[in-house]
Amino acid sequence: MKRSVLVIEDNEQNLYLVTFLLESRGYKVIAARDGVDGIAAANRDKPDLVLLDIQLPRMDGYTVAHLLRDNPNLTETPIIAVTSYAMAGDREKALEAGCNGYIEKPINPDTFITQIERHLDRISDDKEG
Ligand code: MN
């Protein structure tokens with residue numbers, strides 16, 4: 001079965017790039033453009049991984065991460081925050097909010113998939129073991 005990634009991102013250029021990179025590797029991409037829609041999509045589609053922008057309309061990424069972690073159906077779902085390089089405090093706050101890791105903007109197309117799959121592989125290893 002195709003693995004799915006929920007991308008919660010309000011910047012169209014970033015969303016386009018990330019979608020392109022993930023689809024090129026055979027992932028199914030679910031897109032949400034604000035925090036509220038992101039929560040709804042996570043509940044509906046139960047993605048294998050969530051890629052979470054921090055600065056989002058309607059609800060910021062920290063709040064989204066907290067709410068996903070509080071949902072019993074999603075406690076095991078890896079959440080990767082996408083943080084601004086300039087905002088050093090974002091990373092710690094993202095991890096405190098329940099994210100499993102972070103990727104810095106701008107996205108590096110050469111390393112992006114490796115960074116994502118590190119978290120997906122950890123989950124499938126756990127399931128097999
Ligand atoms: Mn944003």
# chains A, B, ... in the order shown; residues from 1 in each chain; ligands from 1
call {"tool": "residues_near_ligand", "arguments": {"ligand": "ligand 1", "cutoff": "7 Å", "atoms": "only C-alpha atoms and all ligand atoms", "output": "PyMOL selection string"}}
result
chain A and resi 9-11+53-56
call {"tool": "write_last_selection", "arguments": {"atoms": "N, CA, C and O atoms", "output": "tab-separated table (two decimals), in the first residue's frame"}}
result
chain	number	residue	atom	x	y	z
A	9	GLU	N	0.72	23.06	5.11
A	9	GLU	CA	1.62	24.11	4.61
A	9	GLU	C	0.79	25.16	3.87
A	9	GLU	O	-0.02	24.81	3.01
A	10	ASP	N	0.97	26.43	4.25
A	10	ASP	CA	0.19	27.48	3.61
A	10	ASP	C	0.94	28.18	2.48
A	10	ASP	O	0.36	28.95	1.72
A	11	ASN	N	2.23	27.89	2.34
A	11	ASN	CA	3.00	28.52	1.27
A	11	ASN	C	2.94	27.62	0.03
A	11	ASN	O	3.41	26.49	0.05
A	53	ASP	N	4.14	22.66	8.87
A	53	ASP	CA	4.66	24.03	8.91
A	53	ASP	C	4.28	24.64	10.26
A	53	ASP	O	3.27	24.25	10.87
A	54	ILE	N	5.08	25.57	10.76
A	54	ILE	CA	4.78	26.16	12.07
A	54	ILE	C	3.92	27.42	11.93
A	54	ILE	O	2.94	27.60	12.65
A	55	GLN	N	4.27	28.28	10.99
A	55	GLN	CA	3.48	29.50	10.80
A	55	GLN	C	2.37	29.23	9.82
A	55	GLN	O	2.60	29.14	8.60
A	56	LEU	N	1.17	29.09	10.37
A	56	LEU	CA	0.00	28.69	9.59
A	56	LEU	C	-1.18	29.60	9.91
A	56	LEU	O	-1.29	30.07	11.04
call {"tool": "select_by_dssp", "arguments": {"residues": "chain A", "states": "strand (DSSP E or B)", "output": "PyMOL selection string"}}
result
chain A and resi 4-8+28-32+49-53+79-84+101-105
call {"tool": "closest_residue", "arguments": {"among": "A:Tyr62, A:Phe20, A:Phe112, A:Tyr27", "to": "Asp90 (chain A)", "atoms": "only C-alpha atoms"}}
result
A:Tyr62
call {"tool": "closest_residue", "arguments": {"among": "A:Ile116, A:Ala94, A:Val64, A:Ala81", "to": "Val36 (chain A)", "atoms": "only C-alpha atoms"}}
result
A:Val64
call {"tool": "select_by_dssp", "arguments": {"residues": "region 1-122 of chain A", "states": "alpha helix (DSSP H)", "output": "CSV table (one decimal) with C-alpha atoms, in the first residue's frame"}}
result
chain,number,residue,atom,x,y,z
A,12,GLU,CA,2.1,27.3,-2.2
A,13,GLN,CA,5.7,27.2,-3.4
A,14,ASN,CA,6.8,25.0,-0.5
A,15,LEU,CA,3.7,22.8,-0.9
A,16,TYR,CA,4.4,22.3,-4.6
A,17,LEU,CA,8.1,21.4,-4.0
A,18,VAL,CA,7.3,19.0,-1.1
A,19,THR,CA,4.5,17.4,-3.0
A,20,PHE,CA,6.7,16.9,-6.1
A,21,LEU,CA,9.5,15.3,-4.1
A,22,LEU,CA,7.2,13.0,-2.2
A,23,GLU,CA,5.2,11.9,-5.2
A,24,SER,CA,8.4,11.3,-7.1
A,35,GLY,CA,-4.0,24.2,11.0
A,36,VAL,CA,-7.7,23.6,11.3
A,37,ASP,CA,-7.9,21.8,8.0
A,38,GLY,CA,-4.8,19.9,8.9
A,39,ILE,CA,-6.3,18.5,12.1
A,40,ALA,CA,-9.4,17.5,10.1
A,41,ALA,CA,-7.4,15.8,7.4
A,42,ALA,CA,-5.3,13.9,10.0
A,43,ASN,CA,-8.4,12.5,11.6
A,44,ARG,CA,-10.0,11.6,8.3
A,45,ASP,CA,-7.1,10.1,6.5
A,61,GLY,CA,1.9,24.4,14.1
A,62,TYR,CA,2.6,24.1,17.9
A,63,THR,CA,-1.2,23.9,18.6
A,64,VAL,CA,-1.7,21.5,15.8
A,65,ALA,CA,1.1,19.2,17.1
A,66,HIS,CA,-0.4,19.3,20.6
A,67,LEU,CA,-3.9,18.4,19.4
A,68,LEU,CA,-2.6,15.6,17.2
A,69,ARG,CA,-0.6,14.1,20.1
A,70,ASP,CA,-3.7,14.2,22.3
A,88,ALA,CA,16.2,29.0,16.5
A,89,GLY,CA,13.6,28.8,19.3
A,90,ASP,CA,11.1,27.2,16.9
A,91,ARG,CA,12.9,23.8,17.0
A,92,GLU,CA,12.8,23.4,20.8
A,93,LYS,CA,9.2,24.5,20.9
A,94,ALA,CA,8.3,22.1,18.1
A,95,LEU,CA,9.8,19.2,19.9
A,96,GLU,CA,8.1,20.2,23.2
A,112,PHE,CA,14.5,16.1,2.1
A,113,ILE,CA,13.4,12.5,1.4
A,114,THR,CA,16.2,11.0,3.5
A,115,GLN,CA,15.2,13.2,6.4
A,116,ILE,CA,11.5,12.1,6.1
A,117,GLU,CA,12.3,8.5,5.7
A,118,ARG,CA,14.4,8.4,8.8
A,119,HIS,CA,11.2,8.8,10.7
A,120,LEU,CA,9.1,6.4,8.6
A,121,ASP,CA,11.7,3.7,8.8
A,122,ARG,CA,11.8,3.9,12.5
call {"tool": "decode", "arguments": {"residues": "chain A", "atoms": "C-alpha atoms", "output": "JSON list (two decimals), in the first residue's frame"}}
result
[["chain", "number", "residue", "atom", "x", "y", "z"],
["A", 1, "MET", "CA", 0.00, 0.00, 0.00],
["A", 2, "LYS", "CA", 1.20, 3.49, -0.81],
["A", 3, "ARG", "CA", 2.35, 5.36, 2.25],
["A", 4, "SER", "CA", 0.71, 8.72, 2.77],
["A", 5, "VAL", "CA", 2.09, 12.00, 4.01],
["A", 6, "LEU", "CA", -0.12, 14.81, 5.23],
["A", 7, "VAL", "CA", 1.51, 18.14, 4.33],
["A", 8, "ILE", "CA", 0.15, 21.07, 6.36],
["A", 9, "GLU", "CA", 1.62, 24.11, 4.61],
["A", 10, "ASP", "CA", 0.19, 27.48, 3.61],
["A", 11, "ASN", "CA", 3.00, 28.52, 1.27],
["A", 12, "GLU", "CA", 2.10, 27.33, -2.24],
["A", 13, "GLN", "CA", 5.71, 27.15, -3.44],
["A", 14, "ASN", "CA", 6.77, 24.98, -0.51],
["A", 15, "LEU", "CA", 3.68, 22.82, -0.87],
["A", 16, "TYR", "CA", 4.41, 22.34, -4.57],
["A", 17, "LEU", "CA", 8.05, 21.40, -3.98],
["A", 18, "VAL", "CA", 7.34, 19.00, -1.13],
["A", 19, "THR", "CA", 4.47, 17.38, -3.05],
["A", 20, "PHE", "CA", 6.68, 16.93, -6.08],
["A", 21, "LEU", "CA", 9.50, 15.35, -4.05],
["A", 22, "LEU", "CA", 7.18, 12.99, -2.17],
["A", 23, "GLU", "CA", 5.17, 11.93, -5.22],
["A", 24, "SER", "CA", 8.38, 11.28, -7.13],
["A", 25, "ARG", "CA", 9.23, 8.73, -4.43],
["A", 26, "GLY", "CA", 5.82, 7.08, -4.64],
["A", 27, "TYR", "CA", 4.13, 8.64, -1.63],
["A", 28, "LYS", "CA", 0.54, 9.73, -1.60],
["A", 29, "VAL", "CA", 0.30, 13.39, -0.56],
["A", 30, "ILE", "CA", -2.62, 14.89, 1.33],
["A", 31, "ALA", "CA", -2.46, 18.69, 1.45],
["A", 32, "ALA", "CA", -3.95, 21.05, 4.03],
["A", 33, "ARG", "CA", -3.38, 24.81, 3.95],
["A", 34, "ASP", "CA", -4.12, 25.78, 7.54],
["A", 35, "GLY", "CA", -4.00, 24.22, 10.99],
["A", 36, "VAL", "CA", -7.71, 23.57, 11.33],
["A", 37, "ASP", "CA", -7.94, 21.77, 8.00],
["A", 38, "GLY", "CA", -4.76, 19.89, 8.90],
["A", 39, "ILE", "CA", -6.34, 18.48, 12.07],
["A", 40, "ALA", "CA", -9.44, 17.46, 10.12],
["A", 41, "ALA", "CA", -7.37, 15.77, 7.41],
["A", 42, "ALA", "CA", -5.28, 13.89, 9.98],
["A", 43, "ASN", "CA", -8.42, 12.53, 11.64],
["A", 44, "ARG", "CA", -10.01, 11.61, 8.33],
["A", 45, "ASP", "CA", -7.06, 10.08, 6.47],
["A", 46, "LYS", "CA", -4.77, 8.71, 9.23],
["A", 47, "PRO", "CA", -1.54, 9.54, 7.35],
["A", 48, "ASP", "CA", 1.70, 7.61, 7.92],
["A", 49, "LEU", "CA", 3.53, 10.87, 8.60],
["A", 50, "VAL", "CA", 2.67, 14.54, 9.08],
["A", 51, "LEU", "CA", 4.84, 17.33, 7.73],
["A", 52, "LEU", "CA", 3.89, 20.42, 9.70],
["A", 53, "ASP", "CA", 4.66, 24.03, 8.91],
["A", 54, "ILE", "CA", 4.78, 26.16, 12.07],
["A", 55, "GLN", "CA", 3.48, 29.50, 10.80],
["A", 56, "LEU", "CA", 0.00, 28.69, 9.59],
["A", 57, "PRO", "CA", -3.32, 30.53, 9.28],
["A", 58, "ARG", "CA", -6.12, 29.87, 11.81],
["A", 59, "MET", "CA", -4.00, 27.66, 14.13],
["A", 60, "ASP", "CA", -0.22, 27.56, 14.46],
["A", 61, "GLY", "CA", 1.86, 24.42, 14.13],
["A", 62, "TYR", "CA", 2.55, 24.07, 17.86],
["A", 63, "THR", "CA", -1.15, 23.91, 18.62],
["A", 64, "VAL", "CA", -1.68, 21.46, 15.76],
["A", 65, "ALA", "CA", 1.09, 19.21, 17.14],
["A", 66, "HIS", "CA", -0.40, 19.29, 20.65],
["A", 67, "LEU", "CA", -3.86, 18.39, 19.35],
["A", 68, "LEU", "CA", -2.55, 15.55, 17.16],
["A", 69, "ARG", "CA", -0.61, 14.13, 20.11],
["A", 70, "ASP", "CA", -3.73, 14.25, 22.29],
["A", 71, "ASN", "CA", -5.66, 12.17, 19.75],
["A", 72, "PRO", "CA", -5.40, 8.46, 20.70],
["A", 73, "ASN", "CA", -5.62, 7.44, 17.02],
["A", 74, "LEU", "CA", -2.59, 9.54, 16.09],
["A", 75, "THR", "CA", -0.19, 9.19, 19.02],
["A", 76, "GLU", "CA", 2.19, 6.99, 16.98],
["A", 77, "THR", "CA", 2.12, 9.15, 13.83],
["A", 78, "PRO", "CA", 5.48, 10.85, 13.24],
["A", 79, "ILE", "CA", 5.20, 14.63, 13.04],
["A", 80, "ILE", "CA", 8.02, 16.55, 11.38],
["A", 81, "ALA", "CA", 7.97, 20.29, 11.90],
["A", 82, "VAL", "CA", 9.12, 22.61, 9.15],
["A", 83, "THR", "CA", 10.83, 25.51, 10.89],
["A", 84, "SER", "CA", 12.47, 28.70, 9.69],
["A", 85, "TYR", "CA", 16.23, 28.68, 9.79],
["A", 86, "ALA", "CA", 16.22, 32.12, 11.41],
["A", 87, "MET", "CA", 13.91, 31.12, 14.25],
["A", 88, "ALA", "CA", 16.18, 29.03, 16.49],
["A", 89, "GLY", "CA", 13.59, 28.78, 19.29],
["A", 90, "ASP", "CA", 11.10, 27.15, 16.92],
["A", 91, "ARG", "CA", 12.90, 23.81, 16.99],
["A", 92, "GLU", "CA", 12.77, 23.37, 20.75],
["A", 93, "LYS", "CA", 9.18, 24.53, 20.87],
["A", 94, "ALA", "CA", 8.26, 22.11, 18.09],
["A", 95, "LEU", "CA", 9.80, 19.17, 19.95],
["A", 96, "GLU", "CA", 8.11, 20.24, 23.19],
["A", 97, "ALA", "CA", 4.79, 20.36, 21.35],
["A", 98, "GLY", "CA", 5.13, 16.70, 20.39],
["A", 99, "CYS", "CA", 6.95, 16.78, 17.06],
["A", 100, "ASN", "CA", 9.44, 13.95, 16.44],
["A", 101, "GLY", "CA", 11.86, 16.08, 14.47],
["A", 102, "TYR", "CA", 12.20, 19.14, 12.33],
["A", 103, "ILE", "CA", 13.36, 20.19, 8.91],
["A", 104, "GLU", "CA", 14.65, 23.67, 8.27],
["A", 105, "LYS", "CA", 13.35, 25.97, 5.59],
["A", 106, "PRO", "CA", 14.31, 26.41, 2.87],
["A", 107, "ILE", "CA", 13.73, 22.74, 2.05],
["A", 108, "ASN", "CA", 16.83, 21.08, 0.60],
["A", 109, "PRO", "CA", 15.59, 18.84, -2.24],
["A", 110, "ASP", "CA", 18.74, 16.68, -2.03],
["A", 111, "THR", "CA", 18.26, 15.65, 1.59],
["A", 112, "PHE", "CA", 14.52, 16.07, 2.13],
["A", 113, "ILE", "CA", 13.44, 12.48, 1.40],
["A", 114, "THR", "CA", 16.23, 11.03, 3.55],
["A", 115, "GLN", "CA", 15.16, 13.24, 6.44],
["A", 116, "ILE", "CA", 11.54, 12.15, 6.08],
["A", 117, "GLU", "CA", 12.30, 8.45, 5.67],
["A", 118, "ARG", "CA", 14.41, 8.36, 8.80],
["A", 119, "HIS", "CA", 11.16, 8.78, 10.72],
["A", 120, "LEU", "CA", 9.10, 6.44, 8.55],
["A", 121, "ASP", "CA", 11.68, 3.67, 8.78],
["A", 122, "ARG", "CA", 11.76, 3.91, 12.54],
["A", 123, "ILE", "CA", 8.02, 3.23, 12.63],
["A", 124, "SER", "CA", 8.06, 0.28, 10.23],
["A", 125, "ASP", "CA", 11.05, -1.24, 12.09],
["A", 126, "ASP", "CA", 9.04, -1.07, 15.29],
["A", 127, "LYS", "CA", 6.09, -2.79, 13.65],
["A", 128, "GLU", "CA", 8.23, -5.58, 12.17],
["A", 129, "GLY", "CA", 10.20, -6.09, 15.37]]
